[in-house]
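Asks: Next up is a structure, given as structure tokens.
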Amino acid sequence: VMEKTTSEAPACGPEETASESAKVPATEPPGEVAASESPGEEQTPKPQEPASQAPAAPTAPAATKPVPTSEDIPSAPLLLTLEDVSHSSVTVSWEPPERLGRLGLQGYVLELCREGASEWVPVNARPMMVTQQTVRNLVLGDKFFLRVAAVSSAGAGPPATLDQPVHIQESVEAPKIRVPRHLRQTYIRQVGEAVNLQIPFQGKPKPQASWTHNGHALDSQRVSVLSGDQDSILFIRSAQRSDSGRYELTVQLEGLEAKAAVDILVIEKPGAPSSIRLLDVWGCNAALEWMPPTDTGNTELLGYTVQKADRKTGQWFTVLERFHSTTCTVSDLIVGNSYSFRVFSENLCGLSASATVTKELAHIQKADIAAKPKGFIKRDFSEAPSFTQPLADHTSTPGYSTQLFCSVRASPKPKIIWMKNNMEIQGDPRYRTLSDQGICTLEIRKPSPFDSGVYTCKAVNVLGEASVDCRLEVKASATH
């Protein structure tokens with residue numbers, strides 16, 4: 001039962017017995033090494049030594065306290081181990097002794113002896129029922145031995161001593177660099193963007209960090225470096241293509257070093273293809289060929305974008321996107337039209353700022369076919385207006401624009417008139433009217449309950465007129 005209780009005791013033994021130690025006069029604070037013996041040591045049984053355990057007189061009177069037998073005194077603790085050493089503390093642990101003594105175990109006494117001295121100084125003034133203890137407030141450079149003895153009411157048993165002295169010195173942690181995941185592949189930035197690399201590292205004491213660019217020192221006019229205790233930051237305010245390359249971080253500490261490299265690629269939009277020419281035109285097809293751009297933007301091209309434009313309209317339409325070859329055939333051209341073609345280069349930054357345009361036009365010729373016209377009977381398509389889709393009653397919410405639709409059929413094209421409650425609303429900025437291909441639209445911008453009423457759409461041409469109407473209700477918002 002005692003061994004189990006001892007092994008489960010917390011590691012901070014000296015701190016837990018601070019209240020008990022305060023009762024002993026002139027004892028050292030828990031966890032600190034005593035400089036000299038104190039009166040409290042009289043209450044702590046000293047570990048047995050062969051010379052000191054002999055009786056003072058050759059014959060002991062009957063009233064003299066009997067010398068304890070070996071069965072009453074516990075044996076030495078087992079497996080005394082140095083657990084941890086820092087720049088100001090040391091932690092040791094041990095196992096209970098094989099023999100606890102007939103009178104039971106009262107605890108353990110940890111003692112310290114500095115190198116070159118002969119006196120063992122107790123760390124704790126009273127026995128403590130712990131199997132791990134930390135000695136604090138040590139000074140760099142201290143070198144000492146530690147031993148621990150089990151104590152019973154009959155006295156202290158033989159001590160267990162560390163084989164080697166403990167040396168308090170600044171702990172050295174080898175430097176390590178932890179490159180973030182997104183920097184383990186090429187780091188790509190566009191020209192003009194900022195480059196901000198933060199690389200964390202480890203090392204104790206503080207290591208020295210330095211950077212190189214392609215094996216050479218950094219240009220302090222362009223690159224700024226800020227190194228702390230745990231990371232190093234490389235910053236470029238406005239990246240240029242010359243900043244591309246391999247940046248290597250070196251962390252050094254007392255002859256040890258760690259290195260990590262980050263590849264940076266600064267890119268921009270590519271130039272236009274060098275030249276383009278029209279190879280051949282046949283049927284409804286045209287063959288093109290162009291040369292790659294001289295400047296790819298410091299990165300690989302993703303392809304080319306080919307566009308065509310009819311000479312009549314001048315509007316450009318995309319025919320091919322991210323096309324990898326430098327020759328192509330454009331099909332489905334319209335007979336009788338003439339076309340121009342242009343080609344853009346594309347990379348990760350997008351399309352080139354300009355395109356290369358063909359100098360000559362591609363004329364799609366009509367076939368030489370003699371047409372035999374048939375008799376044509378002219379038909380009169382004139383008709384009065386008629387609504388093929390009437391207006392529908394509508395309910396709207398205040399503040400949300402709403403639209404009314406209808407469709408009308410008439411030839412010639414009719415004049416569309418919108419009215420509200422039989423009054424024309426043309427020119428009112430709150431209304432917007434549209435008419436396209438017979439579809440008539442009235443848009444009411446942010447209506448209010450005042451806009452409720454009957455709306456009429458009237459179509460008028462030389463052959464007649466027609467009208468449709470609907471009711472619009474704008475419901476007021478409910479108030480609570």
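Just so we're on the same page: first chain in the structure tokens is A, next is B, and so on; residues restart at 1 for each chain, and ligands are numbered from 1 in the order they show up.
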When you look at stretch 320-324 of chain A with a cut-off of 8 Å (counting only C-alpha atoms), what residues show up, excluding the ones that are within fewer than 6 positions of it in the same chain? I need them as a list in words.
Replies: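 After dropping sequence-adjacent residues, the list is Leu302, Gly303, Tyr304, Thr305, Val306, Gln307 and Glu346 of chain A.
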Asks: Extract, using only C-alpha atoms, all DNA, RNA and protein residues at most 7 Å from stretch 94-104 of chain A, discarding same-chain residues fewer than 5 positions from it, and format them as a list in words.
Replies: Glu3, Glu71, Asp72, Ile73, Pro74, Ser75, Ala76, Pro77, Leu78, Leu79, Leu80, Thr81, Thr131, Gln132, Ser152 and Ser153 of chain A
Asks: Near stretch 167-181 of chain A, counting only C-alpha atoms, which residues have an atom at most 9 Å away, once you skip same-chain residues fewer than 2 positions from it, shown as a PyMOL selection string?
Replies: chain A and resi 85-90+138-144+165+183-185+198-205+207+231+249-254+256-262
Asks: Keeping only N, CA, C and O atoms, take the residues you just selected and write them out as a short mmCIF file (atom, residue, chain, number, x, y, z; two decimals), in the first residue's frame.
Replies:
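See result-v2.cif below for the written result:
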```cif
data_model
loop_
_atom_site.label_atom_id
_atom_site.label_comp_id
_atom_site.auth_asym_id
_atom_site.auth_seq_id
_atom_site.Cartn_x
_atom_site.Cartn_y
_atom_site.Cartn_z
N VAL A 85 17.36 17.80 -16.69
CA VAL A 85 18.29 18.85 -16.23
C VAL A 85 18.05 20.07 -17.09
O VAL A 85 18.09 19.99 -18.32
N SER A 86 17.76 21.22 -16.46
CA SER A 86 17.61 22.47 -17.18
C SER A 86 18.66 23.46 -16.68
O SER A 86 19.56 23.10 -15.92
N HIS A 87 18.53 24.71 -17.11
CA HIS A 87 19.53 25.71 -16.71
C HIS A 87 19.36 26.16 -15.27
O HIS A 87 20.21 26.88 -14.75
N SER A 88 18.25 25.75 -14.59
CA SER A 88 18.06 26.18 -13.20
C SER A 88 17.46 25.12 -12.31
O SER A 88 17.18 25.39 -11.14
N SER A 89 17.26 23.91 -12.81
CA SER A 89 16.63 22.87 -11.98
C SER A 89 17.10 21.50 -12.44
O SER A 89 17.63 21.34 -13.54
N VAL A 90 16.85 20.52 -11.56
CA VAL A 90 17.16 19.13 -11.87
C VAL A 90 16.07 18.27 -11.25
O VAL A 90 15.58 18.56 -10.15
N LEU A 138 18.75 26.62 -9.09
CA LEU A 138 20.17 26.31 -9.21
C LEU A 138 20.84 27.35 -10.10
O LEU A 138 20.18 28.07 -10.85
N VAL A 139 22.15 27.41 -10.03
CA VAL A 139 22.92 28.42 -10.75
C VAL A 139 23.70 27.73 -11.87
O VAL A 139 24.19 26.61 -11.71
N LEU A 140 23.77 28.43 -13.03
CA LEU A 140 24.56 27.88 -14.14
C LEU A 140 25.99 27.63 -13.69
O LEU A 140 26.61 28.47 -13.03
N GLY A 141 26.51 26.47 -14.04
CA GLY A 141 27.87 26.11 -13.65
C GLY A 141 27.94 25.20 -12.44
O GLY A 141 29.01 24.64 -12.15
N ASP A 142 26.85 25.06 -11.70
CA ASP A 142 26.85 24.17 -10.52
C ASP A 142 27.12 22.74 -10.96
O ASP A 142 26.63 22.27 -12.00
N LYS A 143 27.90 22.03 -10.09
CA LYS A 143 28.19 20.62 -10.34
C LYS A 143 28.14 19.90 -8.99
O LYS A 143 28.86 20.29 -8.06
N PHE A 144 27.29 18.90 -8.87
CA PHE A 144 27.07 18.29 -7.56
C PHE A 144 26.58 16.85 -7.75
O PHE A 144 26.19 16.44 -8.84
N PRO A 165 28.15 13.03 -11.49
CA PRO A 165 27.69 14.32 -10.96
C PRO A 165 26.76 15.01 -11.95
O PRO A 165 26.81 14.77 -13.16
N LEU A 183 4.98 26.48 -49.00
CA LEU A 183 6.27 26.93 -49.52
C LEU A 183 7.16 25.76 -49.93
O LEU A 183 8.29 25.98 -50.35
N ARG A 184 6.66 24.53 -49.81
CA ARG A 184 7.46 23.37 -50.21
C ARG A 184 7.45 23.15 -51.71
O ARG A 184 8.17 22.31 -52.22
N GLN A 185 6.59 23.89 -52.42
CA GLN A 185 6.61 23.90 -53.88
C GLN A 185 6.89 25.33 -54.34
O GLN A 185 6.95 26.24 -53.52
N GLN A 198 7.37 33.79 -44.11
CA GLN A 198 7.62 33.61 -42.67
C GLN A 198 7.97 32.15 -42.44
O GLN A 198 7.13 31.27 -42.59
N ILE A 199 9.23 31.90 -42.08
CA ILE A 199 9.72 30.54 -41.89
C ILE A 199 9.99 30.32 -40.39
O ILE A 199 10.88 30.96 -39.82
N PRO A 200 9.24 29.44 -39.73
CA PRO A 200 9.51 29.17 -38.32
C PRO A 200 10.69 28.21 -38.15
O PRO A 200 10.94 27.36 -39.02
N PHE A 201 11.42 28.38 -37.05
CA PHE A 201 12.52 27.46 -36.75
C PHE A 201 12.59 27.26 -35.24
O PHE A 201 11.95 27.98 -34.46
N GLN A 202 13.40 26.26 -34.84
CA GLN A 202 13.61 25.95 -33.43
C GLN A 202 15.10 25.96 -33.14
O GLN A 202 15.93 25.75 -34.03
N GLY A 203 15.42 26.16 -31.89
CA GLY A 203 16.81 26.15 -31.47
C GLY A 203 16.97 26.85 -30.14
O GLY A 203 16.29 27.84 -29.85
N LYS A 204 17.85 26.33 -29.31
CA LYS A 204 18.06 26.91 -27.99
C LYS A 204 19.54 26.79 -27.63
O LYS A 204 20.10 25.70 -27.72
N PRO A 205 20.16 27.92 -27.25
CA PRO A 205 19.65 29.30 -27.20
C PRO A 205 19.35 29.84 -28.59
O PRO A 205 19.41 29.10 -29.57
N PRO A 207 19.27 30.87 -32.13
CA PRO A 207 20.24 30.68 -33.22
C PRO A 207 20.33 31.92 -34.11
O PRO A 207 19.50 32.82 -34.04
N ASP A 231 11.31 32.59 -35.60
CA ASP A 231 11.05 32.61 -37.03
C ASP A 231 11.88 33.70 -37.71
O ASP A 231 12.49 34.54 -37.04
N LEU A 249 17.52 29.65 -46.43
CA LEU A 249 17.62 30.10 -45.03
C LEU A 249 18.56 29.16 -44.29
O LEU A 249 18.40 27.94 -44.33
N THR A 250 19.57 29.74 -43.61
CA THR A 250 20.52 28.97 -42.82
C THR A 250 20.39 29.41 -41.36
O THR A 250 20.46 30.60 -41.06
N VAL A 251 20.20 28.43 -40.46
CA VAL A 251 20.09 28.69 -39.02
C VAL A 251 21.28 28.00 -38.35
O VAL A 251 21.45 26.78 -38.47
N GLN A 252 22.12 28.77 -37.66
CA GLN A 252 23.35 28.27 -37.04
C GLN A 252 23.30 28.45 -35.54
O GLN A 252 22.79 29.45 -35.03
N LEU A 253 23.85 27.43 -34.83
CA LEU A 253 23.89 27.47 -33.37
C LEU A 253 25.04 26.61 -32.88
O LEU A 253 24.99 25.38 -32.99
N GLU A 254 26.11 27.24 -32.39
CA GLU A 254 27.25 26.56 -31.77
C GLU A 254 27.76 25.41 -32.62
O GLU A 254 27.84 24.26 -32.17
N LEU A 256 26.32 23.90 -35.01
CA LEU A 256 25.25 23.15 -35.66
C LEU A 256 24.49 24.09 -36.59
O LEU A 256 24.37 25.29 -36.33
N GLU A 257 23.97 23.55 -37.67
CA GLU A 257 23.21 24.38 -38.59
C GLU A 257 22.14 23.57 -39.28
O GLU A 257 22.23 22.34 -39.38
N ALA A 258 21.11 24.27 -39.72
CA ALA A 258 20.03 23.68 -40.51
C ALA A 258 19.75 24.61 -41.68
O ALA A 258 19.86 25.83 -41.56
N LYS A 259 19.38 24.02 -42.83
CA LYS A 259 19.13 24.81 -44.03
C LYS A 259 17.79 24.42 -44.63
O LYS A 259 17.36 23.26 -44.52
N ALA A 260 17.16 25.40 -45.26
CA ALA A 260 15.91 25.16 -45.99
C ALA A 260 15.86 26.12 -47.17
O ALA A 260 16.30 27.26 -47.07
N ALA A 261 15.34 25.63 -48.28
CA ALA A 261 15.31 26.43 -49.51
C ALA A 261 13.86 26.65 -49.95
O ALA A 261 13.01 25.76 -49.79
N VAL A 262 13.58 27.84 -50.47
CA VAL A 262 12.26 28.19 -51.01
C VAL A 262 12.48 28.73 -52.42
O VAL A 262 13.27 29.66 -52.61
#
```
Asks: Do a neighbour search on A:Leu146 at 8 Å with only C-alpha atoms, toss out local chain neighbours closer than 4 positions, and write the hits as a PyMOL selection string.
Replies: chain A and resi 110-113+161-162+165-166
Asks: Out of stretch 137-343 of chain A, which residues get strand (DSSP E) from DSSP, as number ranges by chain?
Replies: A: 143-152, 155-156, 160-161, 166-167, 173-177, 187-190, 195-204, 208-213, 216-217, 223-227, 231-236, 245-253, 256-267, 276-282, 285-290, 303-310, 316-323, 327-330, 338-343
Asks: So which residues touch A:Lys420 within 9 Å, counting only C-alpha atoms, skipping near sequence neighbours fewer than 3 positions away, as a ChimeraX atom specification?
Replies: /A:423-425,451,453-456
Asks: Could you give me, as a PDB file with all heavy atoms, in the first residue's frame, the residues within 10 Å of A:Lys269, counting only C-alpha atoms and dropping anything in the same chain fewer than 4 positions from it?
Replies:
```pdb
ATOM      1  N   GLN A 190       3.005  37.537 -58.915  1.00  0.00           N
ATOM      2  CA  GLN A 190       3.004  38.358 -60.115  1.00  0.00           C
ATOM      3  C   GLN A 190       3.862  39.600 -59.895  1.00  0.00           C
ATOM      4  O   GLN A 190       4.077  40.030 -58.761  1.00  0.00           O
ATOM      5  CB  GLN A 190       1.578  38.769 -60.480  1.00  0.00           C
ATOM      6  CG  GLN A 190       0.692  37.603 -60.899  1.00  0.00           C
ATOM      7  CD  GLN A 190      -0.642  38.063 -61.462  1.00  0.00           C
ATOM      8  OE1 GLN A 190      -0.759  39.170 -61.972  1.00  0.00           O
ATOM      9  NE2 GLN A 190      -1.655  37.197 -61.365  1.00  0.00           N
ATOM     10  N   VAL A 191       4.338  40.151 -60.994  1.00  0.00           N
ATOM     11  CA  VAL A 191       5.166  41.356 -60.924  1.00  0.00           C
ATOM     12  C   VAL A 191       4.380  42.473 -60.234  1.00  0.00           C
ATOM     13  O   VAL A 191       3.213  42.718 -60.561  1.00  0.00           O
ATOM     14  CB  VAL A 191       5.603  41.787 -62.342  1.00  0.00           C
ATOM     15  CG1 VAL A 191       6.265  43.150 -62.307  1.00  0.00           C
ATOM     16  CG2 VAL A 191       6.553  40.754 -62.941  1.00  0.00           C
ATOM     17  N   ASP A 295       8.536  36.709 -75.488  1.00  0.00           N
ATOM     18  CA  ASP A 295       8.501  36.820 -74.028  1.00  0.00           C
ATOM     19  C   ASP A 295       7.289  36.040 -73.516  1.00  0.00           C
ATOM     20  O   ASP A 295       6.142  36.400 -73.793  1.00  0.00           O
ATOM     21  CB  ASP A 295       8.393  38.288 -73.598  1.00  0.00           C
ATOM     22  CG  ASP A 295       8.387  38.456 -72.077  1.00  0.00           C
ATOM     23  OD1 ASP A 295       8.676  37.464 -71.368  1.00  0.00           O
ATOM     24  OD2 ASP A 295       8.086  39.566 -71.600  1.00  0.00           O
ATOM     25  N   THR A 296       7.551  34.971 -72.776  1.00  0.00           N
ATOM     26  CA  THR A 296       6.462  34.139 -72.239  1.00  0.00           C
ATOM     27  C   THR A 296       6.030  34.580 -70.843  1.00  0.00           C
ATOM     28  O   THR A 296       5.208  33.905 -70.220  1.00  0.00           O
ATOM     29  CB  THR A 296       6.901  32.666 -72.192  1.00  0.00           C
ATOM     30  OG1 THR A 296       8.038  32.542 -71.310  1.00  0.00           O
ATOM     31  CG2 THR A 296       7.273  32.174 -73.582  1.00  0.00           C
ATOM     32  N   GLY A 297       6.582  35.676 -70.313  1.00  0.00           N
ATOM     33  CA  GLY A 297       6.193  36.144 -68.985  1.00  0.00           C
ATOM     34  C   GLY A 297       6.896  35.423 -67.856  1.00  0.00           C
ATOM     35  O   GLY A 297       6.405  35.385 -66.727  1.00  0.00           O
ATOM     36  N   ASN A 298       8.054  34.806 -68.152  1.00  0.00           N
ATOM     37  CA  ASN A 298       8.867  34.096 -67.149  1.00  0.00           C
ATOM     38  C   ASN A 298       8.201  32.818 -66.652  1.00  0.00           C
ATOM     39  O   ASN A 298       8.485  32.341 -65.554  1.00  0.00           O
ATOM     40  CB  ASN A 298       9.187  35.005 -65.954  1.00  0.00           C
ATOM     41  CG  ASN A 298      10.432  34.547 -65.202  1.00  0.00           C
ATOM     42  OD1 ASN A 298      11.336  33.955 -65.787  1.00  0.00           O
ATOM     43  ND2 ASN A 298      10.482  34.806 -63.913  1.00  0.00           N
ATOM     44  N   THR A 299       7.300  32.256 -67.450  1.00  0.00           N
ATOM     45  CA  THR A 299       6.674  30.984 -67.103  1.00  0.00           C
ATOM     46  C   THR A 299       6.184  30.312 -68.373  1.00  0.00           C
ATOM     47  O   THR A 299       6.235  30.897 -69.465  1.00  0.00           O
ATOM     48  CB  THR A 299       5.502  31.184 -66.122  1.00  0.00           C
ATOM     49  OG1 THR A 299       4.995  29.915 -65.717  1.00  0.00           O
ATOM     50  CG2 THR A 299       4.385  31.996 -66.766  1.00  0.00           C
ATOM     51  N   LEU A 301       3.700  28.786 -71.199  1.00  0.00           N
ATOM     52  CA  LEU A 301       2.418  29.182 -71.782  1.00  0.00           C
ATOM     53  C   LEU A 301       1.378  28.101 -71.555  1.00  0.00           C
ATOM     54  O   LEU A 301       1.674  26.894 -71.617  1.00  0.00           O
ATOM     55  CB  LEU A 301       2.571  29.433 -73.286  1.00  0.00           C
ATOM     56  CG  LEU A 301       3.414  30.644 -73.717  1.00  0.00           C
ATOM     57  CD1 LEU A 301       3.472  30.709 -75.242  1.00  0.00           C
ATOM     58  CD2 LEU A 301       2.842  31.934 -73.154  1.00  0.00           C
ATOM     59  N   SER A 345      -1.624  35.137 -76.613  1.00  0.00           N
ATOM     60  CA  SER A 345      -0.882  34.160 -75.807  1.00  0.00           C
ATOM     61  C   SER A 345      -1.469  34.159 -74.390  1.00  0.00           C
ATOM     62  O   SER A 345      -1.983  35.180 -73.913  1.00  0.00           O
ATOM     63  CB  SER A 345       0.604  34.511 -75.746  1.00  0.00           C
ATOM     64  OG  SER A 345       1.141  34.630 -77.047  1.00  0.00           O
ATOM     65  N   GLU A 346      -1.359  33.026 -73.678  1.00  0.00           N
ATOM     66  CA  GLU A 346      -1.928  32.931 -72.331  1.00  0.00           C
ATOM     67  C   GLU A 346      -0.985  32.149 -71.412  1.00  0.00           C
ATOM     68  O   GLU A 346      -0.439  31.108 -71.796  1.00  0.00           O
ATOM     69  CB  GLU A 346      -3.300  32.243 -72.367  1.00  0.00           C
ATOM     70  CG  GLU A 346      -3.979  32.185 -71.008  1.00  0.00           C
ATOM     71  CD  GLU A 346      -5.356  31.535 -71.063  1.00  0.00           C
ATOM     72  OE1 GLU A 346      -5.749  31.059 -72.156  1.00  0.00           O
ATOM     73  OE2 GLU A 346      -6.021  31.476 -70.018  1.00  0.00           O
ATOM     74  N   ASN A 347      -0.794  32.677 -70.178  1.00  0.00           N
ATOM     75  CA  ASN A 347      -0.087  31.947 -69.132  1.00  0.00           C
ATOM     76  C   ASN A 347      -0.882  32.075 -67.834  1.00  0.00           C
ATOM     77  O   ASN A 347      -2.064  32.428 -67.856  1.00  0.00           O
ATOM     78  CB  ASN A 347       1.365  32.440 -68.982  1.00  0.00           C
ATOM     79  CG  ASN A 347       1.445  33.891 -68.539  1.00  0.00           C
ATOM     80  OD1 ASN A 347       0.441  34.505 -68.194  1.00  0.00           O
ATOM     81  ND2 ASN A 347       2.644  34.442 -68.533  1.00  0.00           N
ATOM     82  N   LEU A 348      -0.248  31.792 -66.689  1.00  0.00           N
ATOM     83  CA  LEU A 348      -0.958  31.823 -65.407  1.00  0.00           C
ATOM     84  C   LEU A 348      -1.509  33.208 -65.073  1.00  0.00           C
ATOM     85  O   LEU A 348      -2.477  33.331 -64.310  1.00  0.00           O
ATOM     86  CB  LEU A 348      -0.032  31.360 -64.276  1.00  0.00           C
ATOM     87  CG  LEU A 348       0.312  29.873 -64.254  1.00  0.00           C
ATOM     88  CD1 LEU A 348       1.345  29.586 -63.171  1.00  0.00           C
ATOM     89  CD2 LEU A 348      -0.943  29.037 -64.026  1.00  0.00           C
ATOM     90  N   CYS A 349      -0.918  34.265 -65.630  1.00  0.00           N
ATOM     91  CA  CYS A 349      -1.399  35.624 -65.359  1.00  0.00           C
ATOM     92  C   CYS A 349      -2.573  36.018 -66.235  1.00  0.00           C
ATOM     93  O   CYS A 349      -3.228  37.025 -65.963  1.00  0.00           O
ATOM     94  CB  CYS A 349      -0.255  36.635 -65.545  1.00  0.00           C
ATOM     95  SG  CYS A 349       1.042  36.487 -64.319  1.00  0.00           S
ATOM     96  N   GLY A 350      -2.835  35.262 -67.293  1.00  0.00           N
ATOM     97  CA  GLY A 350      -3.944  35.579 -68.186  1.00  0.00           C
ATOM     98  C   GLY A 350      -3.485  35.779 -69.615  1.00  0.00           C
ATOM     99  O   GLY A 350      -2.376  35.380 -70.008  1.00  0.00           O
ATOM    100  N   LEU A 351      -4.361  36.410 -70.402  1.00  0.00           N
ATOM    101  CA  LEU A 351      -4.067  36.641 -71.814  1.00  0.00           C
ATOM    102  C   LEU A 351      -3.073  37.783 -71.969  1.00  0.00           C
ATOM    103  O   LEU A 351      -2.968  38.671 -71.107  1.00  0.00           O
ATOM    104  CB  LEU A 351      -5.355  36.978 -72.574  1.00  0.00           C
ATOM    105  CG  LEU A 351      -6.424  35.882 -72.645  1.00  0.00           C
ATOM    106  CD1 LEU A 351      -7.654  36.403 -73.369  1.00  0.00           C
ATOM    107  CD2 LEU A 351      -5.896  34.633 -73.334  1.00  0.00           C
ATOM    108  N   SER A 352      -2.348  37.755 -73.078  1.00  0.00           N
ATOM    109  CA  SER A 352      -1.413  38.838 -73.383  1.00  0.00           C
ATOM    110  C   SER A 352      -2.177  40.150 -73.559  1.00  0.00           C
ATOM    111  O   SER A 352      -3.370  40.167 -73.899  1.00  0.00           O
ATOM    112  CB  SER A 352      -0.624  38.514 -74.653  1.00  0.00           C
ATOM    113  OG  SER A 352      -1.501  38.260 -75.741  1.00  0.00           O
ATOM    114  N   ALA A 353      -1.500  41.256 -73.288  1.00  0.00           N
ATOM    115  CA  ALA A 353      -2.151  42.571 -73.359  1.00  0.00           C
ATOM    116  C   ALA A 353      -2.609  42.910 -74.773  1.00  0.00           C
ATOM    117  O   ALA A 353      -3.572  43.663 -74.962  1.00  0.00           O
ATOM    118  CB  ALA A 353      -1.215  43.648 -72.826  1.00  0.00           C
TER     119      ALA A 353
END
```
Asks: Rank A:Pro390, A:Gly245, A:Pro270, A:Gly116 by their smallest atom-to-atom distance to A:Ile439, using only C-alpha atoms, and report the top residue only.
Replies: A:Pro390
Asks: Distance atom CA of A:Glu248-atom CA of A:Arg189, one decimal place?
Replies: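 One can read the atom CA of A:Glu248 to atom CA of A:Arg189 distance as 17.8 Å.
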Asks: How far is it from atom CA of A:Ala410 to atom CA of A:Ser382, in Å with one decimal?
Replies: 7.2 Å
Asks: For A:Ser244, work out the shell of residues within 7 Å, counting only C-alpha atoms and skipping chain neighbours fewer than 4 positions away, then give it as a ChimeraX atom specification.
Replies: /A:264-266
Asks: So the first atom is atom CA of A:Leu442 and the second is atom CA of A:Ser386; what is the distance between them in Å, to one decimal place?
Replies: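 For atom CA of A:Leu442 relative to atom CA of A:Ser386, the distance reads 18.0 Å.
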Asks: Enumerate the residues of stretch 151-397 of chain A with a DSSP assignment of helix (DSSP H, G or I), computed from the backbone, and present them as JSON, numbers by chain.
Replies: {"A": [181, 182, 183, 241, 242, 243]}
Asks: Using C-alpha atoms, can you export the residues from the last selection as a PDB file, in the first residue's frame?
Replies:
```
ATOM      1  CA  ARG A 181       3.436  23.340 -46.588  1.00  0.00           C
ATOM      2  CA  HIS A 182       2.572  26.019 -49.188  1.00  0.00           C
ATOM      3  CA  LEU A 183       6.271  26.928 -49.520  1.00  0.00           C
ATOM      4  CA  ARG A 241      11.221  39.094 -62.383  1.00  0.00           C
ATOM      5  CA  SER A 242      14.838  39.444 -61.243  1.00  0.00           C
ATOM      6  CA  ASP A 243      13.697  38.375 -57.752  1.00  0.00           C
TER       7      ASP A 243
END
```
